[in-house]
Structure formats: C-alpha cells, structure tokens
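Participant: Sharing input.cif, mmCIF, C-alpha atoms and all ligand atoms:
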```
data_input
loop_
_atom_site.label_atom_id
_atom_site.label_comp_id
_atom_site.auth_asym_id
_atom_site.auth_seq_id
_atom_site.Cartn_x
_atom_site.Cartn_y
_atom_site.Cartn_z
CA MET D 1024 72.74 103.97 108.70
CA THR D 1025 72.39 100.23 107.87
CA ALA D 1026 74.44 97.90 110.07
CA ARG D 1027 76.90 95.88 108.03
CA GLY D 1028 75.83 92.28 107.40
CA LEU D 1029 77.56 89.37 109.08
CA PHE D 1030 80.07 87.40 107.04
CA ILE D 1031 79.83 83.68 107.83
CA THR D 1032 81.92 80.97 106.19
CA MET D 1033 81.53 77.22 106.21
CA GLU D 1034 84.60 75.03 105.87
CA GLY D 1035 85.63 71.39 106.01
CA GLY D 1036 87.25 68.57 104.06
CA GLU D 1037 85.48 66.53 101.39
CA GLY D 1038 82.22 64.74 102.21
CA VAL D 1039 81.54 66.49 105.53
CA GLY D 1040 78.03 67.59 104.49
CA LYS D 1041 78.68 71.26 103.74
CA SER D 1042 75.90 71.63 101.15
CA THR D 1043 73.14 70.06 103.28
CA ASN D 1044 74.13 72.01 106.38
CA LEU D 1045 74.63 75.26 104.51
CA SER D 1046 71.07 75.15 103.19
CA PHE D 1047 69.79 74.19 106.65
CA LEU D 1048 71.51 77.24 108.14
CA GLU D 1049 70.22 79.45 105.33
CA GLN D 1050 66.62 78.30 105.95
CA GLN D 1051 66.94 78.84 109.69
CA LEU D 1052 68.30 82.35 109.32
CA LYS D 1053 65.71 83.26 106.69
CA SER D 1054 62.94 82.00 108.97
CA HIS D 1055 64.09 84.66 111.45
CA GLY D 1056 63.68 87.35 108.79
CA ILE D 1057 67.39 87.72 108.05
CA ASP D 1058 68.30 88.87 104.57
CA ILE D 1059 70.95 86.44 103.44
CA MET D 1060 73.07 85.80 100.35
CA VAL D 1061 74.51 82.31 99.90
CA THR D 1062 77.58 81.99 97.76
CA ARG D 1063 80.68 79.85 97.31
CA GLU D 1064 84.39 79.76 96.59
CA PRO D 1065 86.03 79.27 94.29
CA GLY D 1066 83.20 80.89 92.35
CA GLY D 1067 80.44 83.27 93.33
CA SER D 1068 80.83 85.64 90.37
CA ARG D 1069 80.70 84.90 86.63
CA LEU D 1070 84.48 85.14 86.33
CA GLY D 1071 84.89 83.19 89.57
CA GLU D 1072 82.65 80.36 88.33
CA ASP D 1073 84.71 80.14 85.12
CA LEU D 1074 87.87 79.95 87.24
CA ARG D 1075 86.21 77.32 89.45
CA HIS D 1076 85.67 75.16 86.40
CA LEU D 1077 89.35 75.49 85.43
CA LEU D 1078 90.46 74.73 88.99
CA LEU D 1079 88.29 71.66 89.55
CA GLU D 1080 88.43 69.93 86.18
CA VAL D 1081 90.74 66.94 85.88
CA ARG D 1082 93.52 67.98 83.50
CA ASP D 1083 96.11 66.06 81.51
CA GLU D 1084 98.89 68.21 82.99
CA THR D 1085 100.02 68.79 86.55
CA VAL D 1086 98.69 72.09 87.87
CA ASP D 1087 101.47 74.09 89.52
CA SER D 1088 100.61 74.88 93.15
CA MET D 1089 101.40 78.57 92.71
CA ALA D 1090 99.18 78.78 89.60
CA GLU D 1091 96.41 77.12 91.63
CA LEU D 1092 96.90 79.56 94.51
CA LEU D 1093 96.81 82.63 92.29
CA LEU D 1094 93.68 81.45 90.48
CA MET D 1095 91.96 80.97 93.86
CA PHE D 1096 92.80 84.55 94.80
CA ALA D 1097 91.86 85.89 91.34
CA ALA D 1098 88.41 84.35 91.79
CA ARG D 1099 88.25 85.72 95.34
CA ALA D 1100 89.16 89.28 94.31
CA GLN D 1101 86.28 89.36 91.80
CA HIS D 1102 83.88 87.73 94.25
CA ILE D 1103 84.65 90.22 97.03
CA LYS D 1104 84.40 93.25 94.77
CA THR D 1105 81.26 92.31 92.87
CA ARG D 1106 79.21 90.38 95.43
CA ILE D 1107 80.50 90.04 98.99
CA GLU D 1108 81.34 93.67 99.79
CA PRO D 1109 78.19 95.15 98.19
CA ALA D 1110 75.99 92.67 100.10
CA LEU D 1111 77.65 93.28 103.48
CA ALA D 1112 77.52 97.04 102.97
CA ALA D 1113 73.76 96.78 102.27
CA GLY D 1114 73.25 94.94 105.58
CA VAL D 1115 72.81 91.52 103.93
CA TRP D 1116 74.40 88.54 105.66
CA VAL D 1117 76.79 86.56 103.48
CA LEU D 1118 76.96 82.80 103.98
CA CYS D 1119 79.93 81.57 101.99
CA ASP D 1120 80.75 77.94 101.23
CA ARG D 1121 84.55 78.13 101.80
CA PHE D 1122 86.79 81.18 101.86
CA THR D 1123 90.46 81.93 102.59
CA ASP D 1124 90.74 79.35 105.38
CA ALA D 1125 90.34 76.78 102.60
CA THR D 1126 93.42 78.29 100.95
CA PHE D 1127 95.41 77.91 104.18
CA ALA D 1128 94.12 74.34 104.57
CA TYR D 1129 94.46 73.11 100.96
CA GLN D 1130 97.26 75.20 99.44
CA CYS D 1131 99.41 75.54 102.60
CA GLY D 1132 98.49 72.37 104.52
CA GLY D 1133 97.79 70.17 101.51
CA ARG D 1134 100.26 71.48 98.92
CA GLY D 1135 102.94 72.88 101.24
CA ILE D 1136 102.85 76.56 100.17
CA ASP D 1137 104.35 78.94 102.72
CA ARG D 1138 101.72 80.52 104.99
CA ASN D 1139 103.39 83.93 104.74
CA ALA D 1140 102.81 83.97 100.97
CA VAL D 1141 99.11 83.33 101.54
CA SER D 1142 98.89 85.91 104.33
CA THR D 1143 100.42 88.48 101.98
CA LEU D 1144 97.85 87.71 99.27
CA GLU D 1145 95.09 87.72 101.87
CA THR D 1146 95.92 91.29 102.87
CA LEU D 1147 96.43 92.40 99.28
CA VAL D 1148 93.14 90.99 98.00
CA GLN D 1149 90.91 91.36 101.05
CA GLY D 1150 92.21 94.41 102.87
CA ARG D 1151 90.61 94.07 106.29
CA LEU D 1152 87.78 91.77 105.22
CA ARG D 1153 87.72 88.63 107.37
CA PRO D 1154 84.79 86.32 108.26
CA ASP D 1155 82.89 87.20 111.45
CA CYS D 1156 82.29 83.53 112.11
CA THR D 1157 83.61 80.30 110.56
CA LEU D 1158 81.84 76.98 110.97
CA LEU D 1159 84.18 74.05 110.58
CA LEU D 1160 82.47 70.74 109.84
CA ASP D 1161 85.01 68.22 110.99
CA ALA D 1162 85.03 64.47 110.36
CA PRO D 1163 87.73 61.80 110.16
CA VAL D 1164 89.20 61.76 106.66
CA ALA D 1165 88.13 58.16 105.96
CA VAL D 1166 84.48 59.03 106.71
CA GLY D 1167 84.49 62.10 104.44
CA MET D 1168 86.31 60.38 101.59
CA ALA D 1169 83.88 57.46 101.61
CA ARG D 1170 80.92 59.86 101.42
CA ALA D 1171 82.57 61.88 98.60
CA LYS D 1172 83.22 58.69 96.57
CA ASN D 1173 79.53 57.80 96.80
CA ARG D 1174 78.69 61.04 95.00
CA GLY D 1175 80.16 59.70 91.74
CA VAL D 1176 82.68 61.45 89.48
CA LEU D 1177 85.57 62.94 91.46
CA ASP D 1178 87.03 66.40 90.69
CA ARG D 1179 90.77 67.24 90.68
CA PHE D 1180 90.85 67.84 94.47
CA GLU D 1181 88.71 64.83 95.34
CA GLN D 1182 91.25 62.64 93.55
CA GLU D 1183 93.99 63.56 96.07
CA GLU D 1184 95.45 60.91 98.37
CA ARG D 1185 94.37 60.38 101.93
CA ASP D 1186 97.59 62.00 103.29
CA PHE D 1187 96.71 65.23 101.51
CA TYR D 1188 93.36 65.25 103.31
CA GLU D 1189 94.94 64.42 106.66
CA ARG D 1190 97.10 67.56 106.27
CA VAL D 1191 94.06 69.62 105.21
CA ARG D 1192 92.13 68.46 108.28
CA ALA D 1193 95.06 69.06 110.64
CA THR D 1194 95.48 72.61 109.28
CA TYR D 1195 91.80 73.41 109.75
CA LEU D 1196 91.91 72.13 113.34
CA GLU D 1197 95.06 74.18 114.07
CA MET D 1198 93.40 77.32 112.71
CA ALA D 1199 90.27 76.62 114.76
CA GLU D 1200 92.41 76.37 117.87
CA SER D 1201 94.42 79.50 117.21
CA SER D 1202 91.43 81.64 116.13
CA SER D 1203 88.96 80.07 118.54
CA GLY D 1204 86.86 83.25 118.89
CA ARG D 1205 85.86 83.14 115.24
CA TYR D 1206 85.55 79.36 114.83
CA ARG D 1207 82.78 76.94 115.77
CA VAL D 1208 83.89 73.35 115.26
CA ILE D 1209 81.07 70.87 114.62
CA ASP D 1210 81.58 67.12 114.69
CA ALA D 1211 80.22 66.18 111.27
CA SER D 1212 80.56 62.45 111.86
CA GLN D 1213 77.50 62.58 114.15
CA PRO D 1214 74.00 61.85 112.80
CA LEU D 1215 72.55 64.76 110.83
CA GLU D 1216 70.01 65.72 113.57
CA ARG D 1217 72.84 66.18 116.08
CA VAL D 1218 74.86 68.30 113.63
CA GLN D 1219 71.80 70.44 112.94
CA HIS D 1220 71.07 70.78 116.65
CA GLN D 1221 74.53 72.34 117.01
CA LEU D 1222 73.89 74.57 114.02
CA LEU D 1223 70.74 75.88 115.69
CA LYS D 1224 72.82 76.96 118.68
CA VAL D 1225 75.24 78.78 116.39
CA CYS D 1226 72.27 80.37 114.69
CA SER D 1227 71.06 81.90 117.98
CA GLU D 1228 74.56 83.11 118.84
CA LEU D 1229 74.79 84.82 115.46
CA ARG D 1230 71.42 86.48 115.88
CA ALA D 1231 72.48 87.75 119.28
CA CYS D 1232 75.72 89.10 117.81
CA TRP D 1233 73.71 90.82 115.06
CA GLY D 1234 71.41 92.36 117.63
CA VAL D 1235 74.42 93.91 119.37
CA ARG D 1236 75.76 95.24 116.07
CA HIS D 1237 72.37 96.73 115.22
CA SER D 1238 71.89 98.46 118.54
CA ALA D 1239 75.39 99.96 118.27
CA GLN D 1240 74.36 101.80 115.07
P1 LIG D 1301 83.74 72.39 97.03
O1 LIG D 1301 83.51 73.80 97.43
O2 LIG D 1301 82.69 71.87 96.15
O3 LIG D 1301 84.07 71.50 98.17
O4 LIG D 1301 85.02 72.34 96.04
C1 LIG D 1301 85.98 73.27 95.99
C2 LIG D 1301 87.33 72.61 96.03
O5 LIG D 1301 88.31 73.65 95.95
C3 LIG D 1301 87.60 71.84 97.32
O6 LIG D 1301 88.23 70.63 97.02
C4 LIG D 1301 88.56 72.73 98.08
C5 LIG D 1301 89.25 73.52 97.00
N1 LIG D 1301 89.67 74.85 97.44
C6 LIG D 1301 91.02 75.12 97.58
O7 LIG D 1301 91.84 74.24 97.36
N2 LIG D 1301 91.39 76.37 97.98
C7 LIG D 1301 90.51 77.38 98.21
O8 LIG D 1301 90.91 78.50 98.56
C8 LIG D 1301 89.11 77.09 98.04
C9 LIG D 1301 88.11 78.17 98.28
C10 LIG D 1301 88.73 75.82 97.65
#
```
For this file, produce the structure as structure tokens.
Ligand code: TMP
Facilitator:
Amino acid sequence: MTARGLFITMEGGEGVGKSTNLSFLEQQLKSHGIDIMVTREPGGSRLGEDLRHLLLEVRDETVDSMAELLLMFAARAQHIKTRIEPALAAGVWVLCDRFTDATFAYQCGGRGIDRNAVSTLETLVQGRLRPDCTLLLDAPVAVGMARAKNRGVLDRFEQEERDFYERVRATYLEMAESSSGRYRVIDASQPLERVQHQLLKVCSELRACWGVRHSAQ
C-alpha cells in the first residue's frame, strides 16, 4: 500500500517571500526524488481559481466578511476534493501556498469573525484533513508591506491598512505558539540565504518524517 503523501502549507503576511521560498522548497524536495504537487489557496482548481479572481479583485462595493469567508471555503472544498485528497492518497506530497490558517489569520484576526464559526466550517469542509507541517514566514508588517508595494498593482487584500496586517501577523504567531508541533516559524526579514538555510533544515526533517511514515506501511 502507498504511504499517504505529506501535506505541507506555507503561510505569512504580504511580501514575506512566499513564492520564492515555495519554489526553493519544491526544487529541494524534487532533487531528493520526492513526487510533489504545488498548489495554492484560494485557487488550486478551475472553480477555485475563478473564486480567487472574485475574492482578490478590487470591487466598487464592500465585500461582506461572511461572504468572503464562505467563498474561501467554497474554493477550499473543491480544491480538497479534486486535487489535494487524490494527490495525498496517491503518495504525492502537497505543498500548498496558504490554507485554513490563512482563514484564521485574515478572516478571524483581520476581519474579526468568530473563531468557532471558522472551526465549524473547517470540520465540515475538511473532515480530518489538516496540514502535517506549516511553515510560517514571519516579518514585521512594515517590511512586508513595503515589499508588496514594490510589486505594483495591489489586490483587495493588499490594500488593507497596516492595523489589519498587525492583527493577521499576531494571529499567525499565536497559532504557531499553540500548535508548535506542526509549525516552523522562519524569520523572513533575514537575507534570503539565511531563510533558505532554515528551509533546508525543515526539508531534512520532513524527509525523516516521511521515512518513518513509509517504514510504518
Ligand atoms: P496570495 O496567496 O497571493 O498571498 O493572495 C491570497 C490573498 O487571500 C492573501 O491576501 C490572503 C487572502 N486569504 C484569506 O484572506 N483567507 C484565506 O483563507 C486564504 C487562503 C487567503
């Protein structure tokens, strides 16, 4: 029987270098012969990518927080069913750019939605599916926002005020502390080589964890 793949998520506020570090991690894991699928949220499926567009575009109406939350979970339900679960079941590792921790950080921390409402949706949509490991790229909000602004046109989330992002960051750090077994926090304000040095360590830990899972089959 094939051992289930590992489910790894990468999280962080704006401008923390998720894309660069995600592809670095992907290359490292692939170079060790690991079969890996890289995906993202919101998005990851055709329906999910359409919903992503609706969620990120700047609109001439205020988007209700509950509508935003439910669209995130609608995209997630489709993503899990059509891509994440089939990959994990086939022994493929899934490396996902954001997952439900982003909902706790942005919709609960940022927008003020009750955590219990999100936990209820989490169970409803995901069943028992949770990431095996979550990498949190953490940087002071001012650093991340300055980097994001340099990228050009800002989406609906990137246009939020600094306070919103302070709450997002604080929520991520609280989750990392309370679920410390699953989280690896990486200081993303360091030079890239230092960040990637830390990612290499995580990479060996993950391979070791995979080895244990394999030998238990
Ligand atoms: P990004 O993945 O390119 O950073 O953009 C996705 C945006 O969506 C980002 O600003 C965070 C936001 N987001 C939420 O607010 N809740 C979620 O559950 C997810 C997955 C993303």
Participant: Between D:Ala1199, D:Leu1152, D:Ala1171, D:Val1117, which is the closest to ligand LIG 1301 (chain D) once you count only C-alpha atoms and all ligand atoms?
Facilitator: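 Of D:Ala1199, D:Leu1152, D:Ala1171, D:Val1117, the one nearest ligand LIG 1301 (chain D), counting only C-alpha atoms and all ligand atoms, is D:Ala1171.
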Participant: Pick out the residues sitting within 6 Å of region 1127-1133 of chain D, and hand them over as a list in words; count only C-alpha atoms, and ignore anything fewer than 6 positions along from it in its own chain.
Facilitator: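 Residues meeting the cut-off are Phe1187, Arg1190, Val1191, Thr1194 and Tyr1195 of chain D.
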Participant: What do you get as an MDAnalysis selection string if you pick all residues at most 7 Å from ligand LIG 1301 (chain D), counting only C-alpha atoms and all ligand atoms?
Facilitator: chainID D and resid 1037 1063:1065 1079 1095 1120:1126 1129:1130 1180:1181
Participant: Counting only C-alpha atoms, which of D:Thr1105, D:Ser1088, D:Gln1051, D:Thr1043 gets nearest to Gly1071 (chain D)?
Facilitator: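 Distance minimum relative to Gly1071 (chain D) lands on D:Thr1105.
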Participant: Which of these residues is nearest to Pro1154 (chain D), using only C-alpha atoms: D:Leu1029, D:Met1060, D:Met1024, D:Val1176?
Facilitator: D:Leu1029
Participant: Mind checking which residues fall within 12 Å of Val1164 (chain D), counting only C-alpha atoms, ignoring those fewer than 4 positions away in the same chain, and posting them as a PyMOL selection string?
Facilitator: chain D and resi 1035-1039+1160+1168-1171+1181+1183-1193+1211-1212
